[in-house]
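Read the structure below first, then the notes.
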Amino acid sequence: LAFLPLCELDGFNTDQMQTFIRNWFAAIRTRVADADRKRDSLWQAITDRPELTELAPNPILLTQMALVHADDVLPDSRLKLYQVCVELLLWKWERLRALQGGRQGKSADDFIKELGIAGLQRATLETALFDAVFTAHAEGETEIPESILLARLRDALTSYGLSKEKAVGPAQRFIEEWLRERNGLLVPARADTFDFPHRSFREYIAGVVLVRAGYQPTPGEGAARSMRARSRSRLI
């Protein structure tokens, strides 16, 4: 609503992160084995691993780390960590929020079935979203326009036998009912744009699209990118 103020959630400082983790694992102690050990090992991982140190001040991303670590352990690689977080934020966020609120919630697969397209899979929608993000990234957009999301989703749905005109309806419904209301990865920024809870997700997704397209950096280019990434991490 245009008349409501736009607020940005501030990041946690070190004390707030520790308090969040302590309270999180205290709340789930009766449901998770070795909750105290997991609490301590999560904080140790955040302290020791630069990629986690960068992400942890974001409350949404710290929640993801706590959710993953409570059930298993945080992945060792940065790539796998992003894969797990993308899966949680894009496809499982609605169910997790619902369960924490004492309600059933709707699974991603159930919602996709309601779109009424036989055989439609998450992977198709995810690839279309990633392509839209890459297109916006390549065009220098600071946020992802809904128009690009709609166009990529519409085109993806035509592979299931729909005309472009008929594909617009389910593509728009996915944007309005799933992206706007039920996911935590690609969230509304303005009335007609979307963005991520942290810029590193945009960079990860752009990298995924390049790899899928067969892109291979030259040795010199790869080294230069690695140096820039390390420099950025130090600055942050």
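Following the order of the structure tokens, first chain is A, next is B, and so on, with residues numbered from 1 inside each chain and ligands from 1 in the order they appear.
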Helix (DSSP H, G or I) per DSSP on the backbone: members of segment 74-126 of chain A, as a PyMOL selection string | chain A and resi 78-100+108-114+122-126
Segment 22-223 of chain A: residues DSSP assigns to strand (DSSP E or B), reported as a list in words = Ile144, Pro145, Val187, Pro188, Ala189, Arg190, Thr193, Phe194 and Asp195 of chain A
For Glu181 of chain A, please output as a PyMOL selection string all residues within 12 Å (counting only C-alpha atoms; exclusion window: fewer than 6 positions along the same chain).
-> chain A and resi 90-91+93-95+97+105-106+173-175+187-188
Which neighbours of Ala123 of chain A fall inside 12 Å, counting only C-alpha atoms, when residues of the same chain fewer than 3 positions from it are skipped, and could you give them as JSON, numbers by chain?
-> {"A": [87, 90, 91, 108, 109, 112, 119, 120, 126, 127, 128, 129, 130, 153, 156, 157]}
Would you mind exporting the chosen residues as a PDB file, in the first residue's frame, restricted to C-alpha atoms?
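Listed below is the output, result_1.pdb:
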ATOM      1  CA  GLU A  87      15.601 -24.274  -1.360  1.00  0.00           C
ATOM      2  CA  LEU A  90      11.958 -20.215  -2.142  1.00  0.00           C
ATOM      3  CA  TRP A  91      10.052 -23.458  -1.632  1.00  0.00           C
ATOM      4  CA  ALA A 108       5.025 -25.698  -2.877  1.00  0.00           C
ATOM      5  CA  ASP A 109       4.048 -28.868  -4.723  1.00  0.00           C
ATOM      6  CA  ILE A 112       2.011 -25.792  -8.207  1.00  0.00           C
ATOM      7  CA  GLY A 119       3.417 -32.199 -15.216  1.00  0.00           C
ATOM      8  CA  LEU A 120       4.629 -28.768 -14.121  1.00  0.00           C
ATOM      9  CA  GLU A 126      13.007 -22.103 -10.609  1.00  0.00           C
ATOM     10  CA  THR A 127      14.918 -22.025 -13.908  1.00  0.00           C
ATOM     11  CA  ALA A 128      12.588 -19.310 -15.198  1.00  0.00           C
ATOM     12  CA  LEU A 129      13.079 -17.256 -12.039  1.00  0.00           C
ATOM     13  CA  PHE A 130      16.847 -17.650 -12.226  1.00  0.00           C
ATOM     14  CA  LEU A 153       7.619 -17.577 -16.388  1.00  0.00           C
ATOM     15  CA  ALA A 156       8.634 -21.402 -19.552  1.00  0.00           C
ATOM     16  CA  LEU A 157       5.002 -22.467 -19.273  1.00  0.00           C
TER      17      LEU A 157
END
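Restricting the calculation to only C-alpha atoms, the smallest distance between Asp10 of chain A and any of A:Thr47, A:Pro197, A:Ala189, A:Glu143 is found for A:Pro197.
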Counting only C-alpha atoms, which of A:Asp155, A:Asp40, A:Glu177, A:Glu139 gets nearest to Ile21 of chain A?
-> A:Asp40
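Distances from A:Leu185, A:Ala56, A:Cys7, A:Val68 to Val32 of chain A were compared using only C-alpha atoms, and the smallest one belongs to A:Val68.
Across the structure, atom CA of Leu96 of chain A and atom CA of Asn183 of chain A are spaced 10.3 Å apart.
All residues of protein, DNA or RNA that reach within 7 Å of segment 69-78 of chain A, judged by only C-alpha atoms and not counting those fewer than 6 positions away in the chain, are Val32, Lys38, Leu42 and Glu51 of chain A.
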Of the residues A:Asp195, A:Glu165, A:Asp110, A:Glu176, which is the one nearest to Thr142 of chain A, using only C-alpha atoms?
-> A:Asp195
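Restricting the calculation to only C-alpha atoms, the smallest distance between Pro170 of chain A and any of A:Tyr215, A:Ala98, A:Leu115, A:Leu150 is found for A:Leu115.
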Record the distance separating atom CA of Gln64 of chain A and atom CA of Glu141 of chain A, expressed in Å with one decimal.
-> 26.6 Å
Pick from A:Leu186, A:Ala26, A:Ala35, A:Leu55: nearest to Leu89 of chain A, with only C-alpha atoms counted?
-> A:Leu186
